[in-house]
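Pasted below: query-v1.cif, mmCIF, C-alpha atoms (C1' of nucleotides).
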```
data_run
#
loop_
_atom_site.label_atom_id
_atom_site.label_comp_id
_atom_site.auth_asym_id
_atom_site.auth_seq_id
_atom_site.Cartn_x
_atom_site.Cartn_y
_atom_site.Cartn_z
CA MET A 1 12.58 11.57 0.29
CA ARG A 2 10.61 13.75 2.66
CA VAL A 3 13.04 13.14 5.51
CA PHE A 4 16.04 14.06 3.38
CA TRP A 5 14.12 17.03 2.06
CA ARG A 6 13.29 18.34 5.51
CA GLN A 7 16.51 17.53 7.34
CA GLY A 8 19.11 17.55 4.59
CA TYR A 9 21.60 14.82 3.75
CA GLU A 10 23.74 15.02 6.87
CA GLY A 11 20.91 16.01 9.17
CA ALA A 12 18.80 12.97 8.33
CA SER A 13 19.80 10.13 10.63
CA LEU A 14 19.48 6.50 9.72
CA PRO A 15 16.88 5.83 12.43
CA ALA A 16 14.77 8.71 11.13
CA LEU A 17 15.05 7.41 7.57
CA THR A 18 14.31 3.78 8.32
CA LYS A 19 11.43 4.73 10.60
CA ALA A 20 9.89 6.83 7.84
CA MET A 21 10.37 3.98 5.36
CA GLY A 22 8.85 1.45 7.72
CA ILE A 23 11.81 -0.93 7.45
CA ASN A 24 14.87 -1.43 9.57
CA ARG A 25 18.48 -0.76 8.88
CA PRO A 26 19.70 -4.05 7.37
CA SER A 27 16.77 -4.10 4.97
CA MET A 28 17.59 -0.59 3.87
CA TYR A 29 21.21 -1.53 3.33
CA ALA A 30 20.22 -4.65 1.41
CA ALA A 31 17.95 -2.58 -0.81
CA PHE A 32 20.07 0.54 -1.36
CA GLY A 33 23.56 -0.35 -0.17
CA ASN A 34 24.39 3.02 1.23
CA LYS A 35 23.08 6.20 2.76
CA GLU A 36 24.51 8.12 -0.15
CA SER A 37 22.90 5.80 -2.68
CA LEU A 38 19.61 6.13 -0.86
CA PHE A 39 19.93 9.88 -1.02
CA LYS A 40 20.66 9.76 -4.74
CA LYS A 41 17.56 7.64 -5.24
CA ALA A 42 15.54 10.13 -3.22
CA VAL A 43 16.89 13.00 -5.30
CA GLU A 44 16.09 11.09 -8.46
CA ARG A 45 12.54 10.62 -7.27
CA TYR A 46 12.31 14.28 -6.30
CA VAL A 47 13.57 15.46 -9.67
CA GLU A 48 11.19 13.08 -11.38
CA LYS A 49 8.20 14.35 -9.43
CA SER A 50 9.04 18.01 -9.76
CA GLY A 51 9.93 17.35 -13.38
CA GLU A 52 6.27 16.73 -14.08
CA MET A 53 5.45 20.13 -12.65
CA PHE A 54 8.30 21.61 -14.62
CA ARG A 55 7.16 20.11 -17.91
CA ALA A 56 3.60 21.19 -17.31
CA ALA A 57 4.77 24.77 -16.90
CA MET A 58 7.10 24.65 -19.88
CA ALA A 59 4.24 23.50 -22.08
CA ARG A 60 2.62 26.92 -21.93
CA PRO A 61 2.49 28.57 -25.34
CA THR A 62 5.05 31.30 -24.70
CA ALA A 63 8.29 31.27 -22.76
CA ARG A 64 7.10 34.12 -20.58
CA GLU A 65 3.92 32.32 -19.60
CA ALA A 66 5.94 29.16 -19.02
CA ILE A 67 8.26 30.82 -16.55
CA GLU A 68 5.50 32.80 -14.92
CA THR A 69 3.47 29.68 -14.16
CA LEU A 70 6.62 27.87 -13.09
CA LEU A 71 7.30 30.56 -10.51
CA ARG A 72 3.77 30.31 -9.24
CA MET A 73 4.03 26.54 -8.97
CA ILE A 74 7.34 26.77 -7.17
CA VAL A 75 5.96 29.21 -4.63
CA CYS A 76 3.06 26.89 -3.98
CA ALA A 77 5.19 23.77 -3.72
CA ALA A 78 7.96 25.37 -1.66
CA CYS A 79 5.47 26.65 0.90
CA GLY A 80 4.22 23.16 1.60
CA GLY A 81 1.33 22.91 -0.85
CA GLY A 82 2.27 19.44 -1.97
CA GLY A 83 -0.81 18.80 -4.05
CA ALA A 84 -1.44 15.29 -5.30
CA GLY A 85 2.19 14.28 -5.10
CA GLY A 86 1.81 13.60 -1.44
CA ALA A 87 4.84 15.68 -0.56
CA ALA A 88 2.80 18.16 1.41
CA GLY A 89 4.14 19.84 4.48
CA VAL A 90 7.81 20.05 3.52
CA ARG A 91 8.96 23.58 2.85
CA GLY A 92 11.71 24.68 0.47
CA CYS A 93 13.43 22.80 -2.32
CA MET A 94 15.32 19.57 -1.79
CA LEU A 95 17.94 20.51 -4.37
CA VAL A 96 18.78 23.58 -2.32
CA GLN A 97 18.54 22.54 1.31
CA GLY A 98 19.53 18.93 0.74
CA ALA A 99 23.19 19.84 1.09
CA LEU A 100 24.32 23.44 0.67
CA ALA A 101 27.20 23.24 3.13
CA GLY A 102 28.58 20.44 5.23
CA GLY A 103 31.54 18.43 6.36
CA ARG A 104 33.98 16.40 4.33
CA GLY A 105 31.62 13.44 4.00
CA SER A 106 29.06 15.25 1.88
CA GLU A 107 31.20 16.73 -0.87
CA ARG A 108 30.01 14.39 -3.60
CA VAL A 109 26.42 14.93 -2.55
CA ARG A 110 26.83 18.70 -2.68
CA ARG A 111 28.27 18.53 -6.15
CA GLU A 112 25.48 16.26 -7.29
CA LEU A 113 22.85 18.72 -6.11
CA ALA A 114 24.69 21.64 -7.67
CA GLN A 115 24.71 19.73 -10.94
CA ARG A 116 20.98 19.10 -10.69
CA ARG A 117 20.33 22.77 -10.11
CA CYS A 118 22.50 23.52 -13.10
CA ASP A 119 20.41 21.11 -15.18
CA MET A 120 17.25 22.96 -14.22
CA GLU A 121 18.82 26.22 -15.31
CA ALA A 122 19.82 24.66 -18.62
CA ARG A 123 16.27 23.55 -19.28
CA LEU A 124 15.06 27.03 -18.44
CA ARG A 125 17.49 28.39 -20.97
CA GLU A 126 16.34 25.91 -23.60
CA ARG A 127 12.77 27.06 -23.12
CA ILE A 128 13.79 30.68 -23.55
CA GLU A 129 15.74 29.89 -26.68
CA ARG A 130 12.76 27.98 -28.03
CA GLY A 131 10.74 31.12 -27.38
CA GLN A 132 13.24 33.07 -29.41
CA ALA A 133 12.99 30.56 -32.24
CA GLU A 134 9.21 30.70 -32.13
CA GLY A 135 9.17 34.47 -32.03
CA ASP A 136 7.64 35.15 -28.63
CA VAL A 137 10.97 36.25 -27.11
CA ARG A 138 13.14 39.03 -28.48
CA ARG A 139 16.11 37.68 -30.39
CA ASP A 140 18.60 40.10 -28.87
CA VAL A 141 18.20 38.99 -25.27
CA ASP A 142 20.93 36.94 -23.60
CA ALA A 143 19.09 33.68 -22.97
CA GLY A 144 21.83 32.42 -20.69
CA ALA A 145 21.70 35.50 -18.48
CA LEU A 146 17.92 35.45 -18.34
CA ALA A 147 17.92 31.77 -17.43
CA LYS A 148 20.51 32.33 -14.71
CA TYR A 149 18.43 35.20 -13.39
CA PHE A 150 15.32 33.10 -13.01
CA ALA A 151 17.25 30.12 -11.70
CA THR A 152 18.80 32.37 -9.08
CA PHE A 153 15.44 33.78 -8.12
CA GLN A 154 14.01 30.29 -7.79
CA ASN A 155 16.84 29.32 -5.48
CA GLY A 156 16.04 32.39 -3.45
CA LEU A 157 12.41 31.35 -3.25
CA ALA A 158 13.55 28.04 -1.79
CA VAL A 159 15.56 29.81 0.90
CA GLN A 160 12.67 32.12 1.69
CA ALA A 161 10.25 29.24 1.95
CA ALA A 162 12.63 27.28 4.15
CA GLY A 163 12.75 30.31 6.43
CA GLY A 164 8.99 30.32 6.78
CA ALA A 165 7.98 33.04 4.34
CA ARG A 166 4.30 33.26 3.50
CA ALA A 167 3.13 32.14 0.09
CA ALA A 168 1.25 35.38 -0.52
CA ASP A 169 4.40 37.46 -0.01
CA LEU A 170 6.44 35.23 -2.26
CA GLU A 171 3.81 35.48 -4.97
CA LYS A 172 4.10 39.24 -4.84
CA ALA A 173 7.87 38.95 -5.09
CA ALA A 174 7.48 36.59 -8.05
CA ALA A 175 5.23 39.13 -9.73
CA VAL A 176 7.98 41.71 -9.29
CA ALA A 177 10.50 39.25 -10.68
CA MET A 178 8.48 38.93 -13.88
CA ARG A 179 8.85 42.67 -14.44
CA ALA A 180 12.45 41.95 -15.47
CA TRP A 181 11.18 40.09 -18.50
CA PRO A 182 12.52 41.76 -21.66
CA GLU A 183 9.56 43.79 -22.90
CA MET B 1 33.50 32.29 11.52
CA ARG B 2 34.99 31.04 8.29
CA VAL B 3 34.69 27.42 9.36
CA PHE B 4 31.01 27.82 10.26
CA TRP B 5 30.51 29.75 7.05
CA ARG B 6 32.03 27.04 4.90
CA GLN B 7 30.75 23.95 6.67
CA GLY B 8 27.54 25.12 8.29
CA TYR B 9 26.56 24.81 11.92
CA GLU B 10 26.19 21.07 12.11
CA GLY B 11 28.90 20.33 9.57
CA ALA B 12 31.58 22.21 11.48
CA SER B 13 33.16 19.83 13.98
CA LEU B 14 34.73 20.96 17.22
CA PRO B 15 38.23 19.86 16.17
CA ALA B 16 37.92 21.87 12.96
CA LEU B 17 36.75 24.91 14.89
CA THR B 18 39.36 24.80 17.62
CA LYS B 19 42.10 24.12 15.11
CA ALA B 20 41.08 27.19 13.10
CA MET B 21 40.96 29.26 16.27
CA GLY B 22 44.36 28.04 17.40
CA ILE B 23 43.08 26.97 20.81
CA ASN B 24 41.94 23.65 22.18
CA ARG B 25 38.56 22.51 23.30
CA PRO B 26 38.52 23.39 27.00
CA SER B 27 39.73 26.92 26.23
CA MET B 28 36.95 27.32 23.74
CA TYR B 29 34.39 26.09 26.24
CA ALA B 30 35.78 28.41 28.89
CA ALA B 31 35.56 31.35 26.51
CA PHE B 32 32.22 30.67 24.81
CA GLY B 33 30.51 28.02 26.87
CA ASN B 34 28.91 26.23 24.01
CA LYS B 35 29.06 25.36 20.35
CA GLU B 36 25.79 27.16 19.83
CA SER B 37 27.02 30.27 21.66
CA LEU B 38 30.18 30.22 19.60
CA PHE B 39 28.08 30.04 16.47
CA LYS B 40 25.97 32.96 17.56
CA LYS B 41 29.11 34.98 18.20
CA ALA B 42 30.38 34.05 14.74
CA VAL B 43 27.07 35.09 13.18
CA GLU B 44 27.21 38.34 15.10
CA ARG B 45 30.66 39.02 13.77
CA TYR B 46 29.56 38.09 10.26
CA VAL B 47 26.56 40.41 10.38
CA GLU B 48 28.75 43.17 11.76
CA LYS B 49 31.31 42.80 8.99
CA SER B 50 28.80 42.51 6.19
CA GLY B 51 26.84 45.30 7.83
CA GLU B 52 29.64 47.71 6.92
CA MET B 53 29.30 46.66 3.29
CA PHE B 54 25.56 46.97 3.59
CA ARG B 55 25.70 50.46 5.03
CA ALA B 56 28.19 51.59 2.41
CA ALA B 57 25.80 50.49 -0.30
CA MET B 58 22.76 52.01 1.37
CA ALA B 59 24.54 55.35 1.54
CA ARG B 60 24.25 55.83 -2.21
CA PRO B 61 22.06 58.82 -3.08
CA THR B 62 19.11 56.92 -4.50
CA ALA B 63 17.48 53.69 -3.43
CA ARG B 64 18.01 52.21 -6.86
CA GLU B 65 21.72 52.91 -6.83
CA ALA B 66 21.92 51.61 -3.28
CA ILE B 67 20.43 48.25 -4.19
CA GLU B 68 22.33 48.02 -7.43
CA THR B 69 25.67 48.46 -5.71
CA LEU B 70 24.58 46.11 -2.95
CA LEU B 71 23.91 43.39 -5.49
CA ARG B 72 27.30 43.95 -7.06
CA MET B 73 28.98 43.78 -3.67
CA ILE B 74 27.12 40.62 -2.76
CA VAL B 75 28.14 38.92 -5.98
CA CYS B 76 31.75 39.82 -5.33
CA ALA B 77 31.68 38.74 -1.69
CA ALA B 78 29.70 35.54 -2.29
CA CYS B 79 32.13 34.40 -4.97
CA GLY B 80 35.05 34.54 -2.57
CA GLY B 81 36.27 38.07 -3.14
CA GLY B 82 36.70 38.80 0.52
CA GLY B 83 38.44 42.12 0.10
CA ALA B 84 40.02 43.70 3.15
CA GLY B 85 37.78 41.85 5.57
CA GLY B 86 40.02 38.85 5.34
CA ALA B 87 37.12 36.52 4.69
CA ALA B 88 38.35 35.63 1.24
CA GLY B 89 37.90 32.19 -0.21
CA VAL B 90 34.57 31.31 1.37
CA ARG B 91 31.73 31.18 -1.10
CA GLY B 92 28.08 31.92 -0.44
CA CYS B 93 26.41 33.65 2.48
CA MET B 94 26.73 32.46 6.05
CA LEU B 95 23.15 33.45 6.85
CA VAL B 96 21.94 31.08 4.12
CA GLN B 97 24.21 28.06 4.26
CA GLY B 98 24.90 28.28 7.98
CA ALA B 99 21.82 26.20 8.70
CA LEU B 100 19.08 25.87 6.11
CA ALA B 101 18.04 22.36 7.07
CA GLY B 102 19.22 19.99 9.75
CA GLY B 103 18.38 17.69 12.60
CA ARG B 104 16.57 18.44 15.82
CA GLY B 105 19.62 19.95 17.46
CA SER B 106 19.81 22.94 15.15
CA GLU B 107 16.30 24.29 15.30
CA ARG B 108 17.12 27.34 17.34
CA VAL B 109 20.07 28.11 15.10
CA ARG B 110 17.92 27.86 12.00
CA ARG B 111 15.39 30.23 13.43
CA GLU B 112 18.10 32.67 14.42
CA LEU B 113 19.47 32.74 10.89
CA ALA B 114 16.00 33.12 9.42
CA GLN B 115 15.47 36.08 11.72
CA ARG B 116 18.74 37.64 10.59
CA ARG B 117 17.75 37.27 6.96
CA CYS B 118 14.44 38.84 7.80
CA ASP B 119 16.26 41.79 9.40
CA MET B 120 18.23 42.34 6.20
CA GLU B 121 15.02 42.40 4.24
CA ALA B 122 13.55 44.92 6.66
CA ARG B 123 16.51 47.23 6.21
CA LEU B 124 16.16 46.90 2.46
CA ARG B 125 12.57 47.93 2.79
CA GLU B 126 13.46 50.89 4.95
CA ARG B 127 15.86 52.10 2.30
CA ILE B 128 13.18 51.83 -0.36
CA GLU B 129 10.69 53.70 1.79
CA ARG B 130 13.28 56.37 2.39
CA GLY B 131 13.66 56.61 -1.37
CA GLN B 132 9.93 57.13 -1.61
CA ALA B 133 10.06 59.85 1.01
CA GLU B 134 12.95 61.52 -0.80
CA GLY B 135 11.24 61.28 -4.14
CA ASP B 136 13.58 58.95 -6.06
CA VAL B 137 11.17 56.01 -5.83
CA ARG B 138 7.61 56.05 -7.07
CA ARG B 139 5.13 56.40 -4.22
CA ASP B 140 2.73 53.79 -5.55
CA VAL B 141 5.12 50.87 -5.42
CA ASP B 142 4.74 48.22 -2.75
CA ALA B 143 7.97 48.68 -0.80
CA GLY B 144 7.46 45.43 1.07
CA ALA B 145 7.06 43.41 -2.10
CA LEU B 146 10.05 45.06 -3.72
CA ALA B 147 12.18 44.42 -0.65
CA LYS B 148 11.11 40.80 -0.53
CA TYR B 149 11.93 40.47 -4.21
CA PHE B 150 15.48 41.71 -3.78
CA ALA B 151 15.98 39.78 -0.57
CA THR B 152 14.85 36.64 -2.37
CA PHE B 153 17.19 37.31 -5.25
CA GLN B 154 20.08 37.85 -2.84
CA ASN B 155 19.37 34.53 -1.19
CA GLY B 156 19.41 32.98 -4.62
CA LEU B 157 22.79 34.55 -5.32
CA ALA B 158 24.09 32.89 -2.18
CA VAL B 159 22.89 29.49 -3.36
CA GLN B 160 24.37 30.04 -6.80
CA ALA B 161 27.70 31.10 -5.36
CA ALA B 162 27.75 28.12 -3.01
CA GLY B 163 27.23 25.92 -6.05
CA GLY B 164 30.26 27.38 -7.76
CA ALA B 165 28.68 29.88 -10.16
CA ARG B 166 31.05 32.35 -11.80
CA ALA B 167 30.97 35.96 -10.67
CA ALA B 168 30.62 37.23 -14.24
CA ASP B 169 27.45 35.18 -14.80
CA LEU B 170 25.96 36.32 -11.52
CA GLU B 171 26.67 39.93 -12.38
CA LYS B 172 24.74 39.50 -15.60
CA ALA B 173 21.88 37.95 -13.65
CA ALA B 174 22.00 40.86 -11.20
CA ALA B 175 21.79 43.28 -14.09
CA VAL B 176 18.67 41.47 -15.25
CA ALA B 177 17.29 41.62 -11.73
CA MET B 178 17.59 45.40 -11.73
CA ARG B 179 15.30 45.54 -14.76
CA ALA B 180 12.44 44.80 -12.38
CA TRP B 181 12.96 48.16 -10.74
CA PRO B 182 9.76 50.22 -11.03
CA GLU B 183 10.55 52.61 -13.86
"C1'" DG C 1 61.19 34.29 45.36
"C1'" DG C 2 57.20 31.76 46.83
"C1'" DA C 3 52.05 31.43 46.76
"C1'" DT C 4 47.98 31.86 43.97
"C1'" DT C 5 45.20 32.11 40.16
"C1'" DT C 6 44.43 31.45 35.45
"C1'" DT C 7 45.31 29.15 31.27
"C1'" DT C 8 46.63 25.07 28.75
"C1'" DG C 9 47.00 19.96 27.44
"C1'" DT C 10 45.60 15.29 27.90
"C1'" DA C 11 42.56 12.05 28.65
"C1'" DC C 12 38.19 10.75 29.28
"C1'" DC C 13 32.76 10.66 29.46
"C1'" DG C 14 28.20 9.17 27.38
"C1'" DC C 15 25.95 9.29 23.17
"C1'" DT C 16 24.97 8.98 18.36
"C1'" DT C 17 26.57 8.15 13.90
"C1'" DG C 18 26.93 5.03 9.55
"C1'" DG C 19 27.52 0.23 8.68
"C1'" DT C 20 27.41 -5.18 9.61
"C1'" DA C 21 27.33 -10.11 11.46
"C1'" DC C 22 24.24 -13.50 12.47
"C1'" DA C 23 20.54 -16.06 14.13
"C1'" DC C 24 15.69 -16.46 13.21
"C1'" DA C 25 11.11 -16.78 10.75
"C1'" DG C 26 8.02 -17.35 6.46
"C1'" DG C 27 7.00 -18.90 2.05
"C1'" DA C 28 8.00 -21.34 -2.10
"C1'" DT C 29 9.83 -25.60 -4.15
"C1'" DA C 30 10.35 -30.41 -4.37
"C1'" DT D 1 7.33 -33.25 5.18
"C1'" DA D 2 12.04 -31.81 4.35
"C1'" DT D 3 14.74 -28.18 2.05
"C1'" DC D 4 16.01 -24.18 0.48
"C1'" DC D 5 16.04 -19.19 0.06
"C1'" DT D 6 14.69 -14.59 0.92
"C1'" DG D 7 13.82 -11.17 4.19
"C1'" DT D 8 13.53 -9.42 9.04
"C1'" DG D 9 15.18 -8.26 14.01
"C1'" DT D 10 18.47 -7.98 17.33
"C1'" DA D 11 22.72 -7.05 18.68
"C1'" DC D 12 26.94 -5.38 17.77
"C1'" DC D 13 31.17 -2.65 15.69
"C1'" DA D 14 34.52 1.27 15.24
"C1'" DA D 15 34.52 6.06 14.81
"C1'" DG D 16 33.09 10.48 15.55
"C1'" DC D 17 30.26 13.72 18.03
"C1'" DG D 18 29.67 17.57 21.86
"C1'" DG D 19 31.14 18.29 26.43
"C1'" DT D 20 34.07 17.82 30.83
"C1'" DA D 21 37.35 16.39 34.78
"C1'" DC D 22 41.82 17.01 36.16
"C1'" DA D 23 46.65 17.67 36.28
"C1'" DA D 24 50.61 20.36 34.48
"C1'" DA D 25 52.28 24.85 33.19
"C1'" DA D 26 52.33 29.74 32.83
"C1'" DA D 27 51.44 34.14 34.32
"C1'" DT D 28 50.16 37.18 38.07
"C1'" DC D 29 50.51 39.08 42.61
"C1'" DC D 30 52.47 40.06 47.11
#
```

As structure tokens - that is how I would like this structure written.
Amino acid sequence: MRVFWRQGYEGASLPALTKAMGINRPSMYAAFGNKESLFKKAVERYVEKSGEMFRAAMARPTAREAIETLLRMIVCAACGGGGAGGAAGVRGCMLVQGALAGGRGSERVRRELAQRRCDMEARLRERIERGQAEGDVRRDVDAGALAKYFATFQNGLAVQAAGGARAADLEKAAAVAMRAWPE
Amino acid sequence: MRVFWRQGYEGASLPALTKAMGINRPSMYAAFGNKESLFKKAVERYVEKSGEMFRAAMARPTAREAIETLLRMIVCAACGGGGAGGAAGVRGCMLVQGALAGGRGSERVRRELAQRRCDMEARLRERIERGQAEGDVRRDVDAGALAKYFATFQNGLAVQAAGGARAADLEKAAAVAMRAWPE
DNA sequence: GGATTTTTGTACCGCTTGGTACACAGGATA
DNA sequence: TATCCTGTGTACCAAGCGGTACAAAAATCC
């Protein structure tokens, strides 16, 4: 997972992957069948792990607090602060840099990642709508637009982190981003 | 440029590049010397072209209007609306998807792109500081943080566009983003 | 028009890629 | 102890990669 995360789908070579896994190629093929299948498994694991973080943030009492803490967590994670998950040292978000562009061989993978990012946005939107139902978010705001806004900003955080941005600067930017919250 | 833009540095193969250029490999090597040099030239051209758009936006009377129109232009360009530049059909931003992650061979290229993104952010900041000097931006705002915020959001727009987001949705998100503007 | 220089096209180089065939070793079963 | 079965290691495959040598052709120059 870390190798795919750091190098992307096409950039991660089989030797690099098998070396990191501590097995050799035939074993990997016997266990996963394919490089693409292995990548999907890695993405699954990544989503699962970051899903815990996501749920923890979403559990905050109000939608605004939920998203605010999520942003903070993302900044921390994307800048290499892996925490207990053991994923320390890898910058950025696997769903973003796993396969943004590439040759003909990675089309399915790109679509898969785009779908995963879309899922995250949908869950963001659900949390906002729940906030509206519970009364802590104004009813007249466009939940879809607000969710897309924060999803977009999160993707931007991933790019910034991949480019080596400092966590402190990104936290300031995230604080600015929260100013767009509807009153 | 379009091939690198669409497929990324490592994903663009020499046959694809030379075919798009209408020349064959030795001619390309005679003219540019290298795949990496060719990529740098393509990035240069890309920055030059998008620099016109950038300058046009920055010329608006106030910093807020400048950034607002820039966001609108970016949404349009990133969703394939190439306009007169002839770069239509390619989604996303070359500085983002050109090389976000990759193998050992693309490290220099990644750093170059990160530097270019950083330059854009710096110019954003300069425009904000100019707005402060001219009185249309509050003096107590952190220009650096505000610039990083918008740069981050722009990077996010590129990711969204690469993933196939619709221009109308991104425009709504951009409108939300402008709500973070300091009063 | 003939000589020269530049451009083009073809074929090749070594290397790495993702993927596999197959012989070998270790542990459980009988 | 003999047998099976699972898993590993080595060696290999075809295909693609970036990069280049070299001959044919085209354009230039005198």

With chain A as the partner and 6 Å as the cut-off, tabulate the residues of chain B that qualify, each row holding the nearest pair of atoms and their distance in Å to one decimal, using only C-alpha atoms, sorted by chain and rising number, as JSON lines.
```
{"residue": "B:Gln7", "atom": "CA", "partner": "A:Gly102", "partner_atom": "CA", "distance": 4.4}
{"residue": "B:Gly8", "atom": "CA", "partner": "A:Ala101", "partner_atom": "CA", "distance": 5.5}
{"residue": "B:Gly11", "atom": "CA", "partner": "A:Gly102", "partner_atom": "CA", "distance": 4.4}
{"residue": "B:Gln97", "atom": "CA", "partner": "A:Ala101", "partner_atom": "CA", "distance": 5.8}
{"residue": "B:Leu100", "atom": "CA", "partner": "A:Gln97", "partner_atom": "CA", "distance": 5.9}
{"residue": "B:Ala101", "atom": "CA", "partner": "A:Gln7", "partner_atom": "CA", "distance": 5.1}
{"residue": "B:Gly102", "atom": "CA", "partner": "A:Gly11", "partner_atom": "CA", "distance": 4.4}
{"residue": "B:Gly103", "atom": "CA", "partner": "A:Gly11", "partner_atom": "CA", "distance": 4.6}
{"residue": "B:Ala114", "atom": "CA", "partner": "A:Gly163", "partner_atom": "CA", "distance": 5.2}
{"residue": "B:Ala145", "atom": "CA", "partner": "A:Ala173", "partner_atom": "CA", "distance": 5.4}
{"residue": "B:Lys148", "atom": "CA", "partner": "A:Ala173", "partner_atom": "CA", "distance": 5.9}
{"residue": "B:Tyr149", "atom": "CA", "partner": "A:Ala173", "partner_atom": "CA", "distance": 4.4}
{"residue": "B:Thr152", "atom": "CA", "partner": "A:Gly156", "partner_atom": "CA", "distance": 4.5}
{"residue": "B:Phe153", "atom": "CA", "partner": "A:Phe153", "partner_atom": "CA", "distance": 4.9}
{"residue": "B:Asn155", "atom": "CA", "partner": "A:Gly156", "partner_atom": "CA", "distance": 4.6}
{"residue": "B:Gly156", "atom": "CA", "partner": "A:Gly156", "partner_atom": "CA", "distance": 3.6}
{"residue": "B:Leu157", "atom": "CA", "partner": "A:Thr152", "partner_atom": "CA", "distance": 5.9}
{"residue": "B:Gly163", "atom": "CA", "partner": "A:Ala114", "partner_atom": "CA", "distance": 5.2}
{"residue": "B:Lys172", "atom": "CA", "partner": "A:Ala145", "partner_atom": "CA", "distance": 5.8}
{"residue": "B:Ala173", "atom": "CA", "partner": "A:Tyr149", "partner_atom": "CA", "distance": 4.4}
{"residue": "B:Arg179", "atom": "CA", "partner": "A:Ala180", "partner_atom": "CA", "distance": 4.6}
{"residue": "B:Ala180", "atom": "CA", "partner": "A:Ala180", "partner_atom": "CA", "distance": 4.2}
```

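Near DC17 in chain D, within 9 Å and counting only C-alpha atoms (C1' of nucleotides), sit Ser13 and Leu14 of chain B; DC15, DT16 and DT17 of chain C, not including residues fewer than 6 positions from it in the same chain.
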
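Residue nearest chain B within the list D:DT20, D:DA27, D:DC12, D:DT1: D:DT20 [criterion: smallest interatomic distance, all atoms listed in the file].
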
I need the chain D residues near chain B as an MDAnalysis selection string; criterion: at most 12 Å, counting only C-alpha atoms (C1' of nucleotides). chainID D and resid 16:22

Per-residue nearest contacts chain B to chain C, cut-off 12 Å, using only C-alpha atoms (C1' of nucleotides), as JSON lines:
```
{"residue": "B:Gly22", "atom": "CA", "partner": "C:DT8", "partner_atom": "C1'", "distance": 11.9}
{"residue": "B:Ile23", "atom": "CA", "partner": "C:DT8", "partner_atom": "C1'", "distance": 8.9}
{"residue": "B:Asn24", "atom": "CA", "partner": "C:DG9", "partner_atom": "C1'", "distance": 8.2}
{"residue": "B:Arg25", "atom": "CA", "partner": "C:DG9", "partner_atom": "C1'", "distance": 9.7}
{"residue": "B:Pro26", "atom": "CA", "partner": "C:DT8", "partner_atom": "C1'", "distance": 8.5}
{"residue": "B:Ser27", "atom": "CA", "partner": "C:DT8", "partner_atom": "C1'", "distance": 7.6}
{"residue": "B:Met28", "atom": "CA", "partner": "C:DT8", "partner_atom": "C1'", "distance": 11.1}
{"residue": "B:Ala30", "atom": "CA", "partner": "C:DT7", "partner_atom": "C1'", "distance": 9.9}
{"residue": "B:Ala31", "atom": "CA", "partner": "C:DT7", "partner_atom": "C1'", "distance": 11.1}
```

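We find CA of Ile67 in chain A and CA of Arg123 in chain A to be spaced 11.2 Å apart.
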
* Can you tell me, as a VMD selection string, which residues sit within 12 Å of (23.0, 55.7, -4.7) in the file's frame, using only C-alpha atoms (C1' of nucleotides)? -> chain B and resid 55 to 70 127 to 128 131 136 to 137

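For the pair CA of Arg166 in chain B and CA of Cys79 in chain B, the separation is 7.2 Å.
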
Expressed in Å, the length from C1' of DA23 in chain D to CA of Ser37 in chain B is 27.5 Å
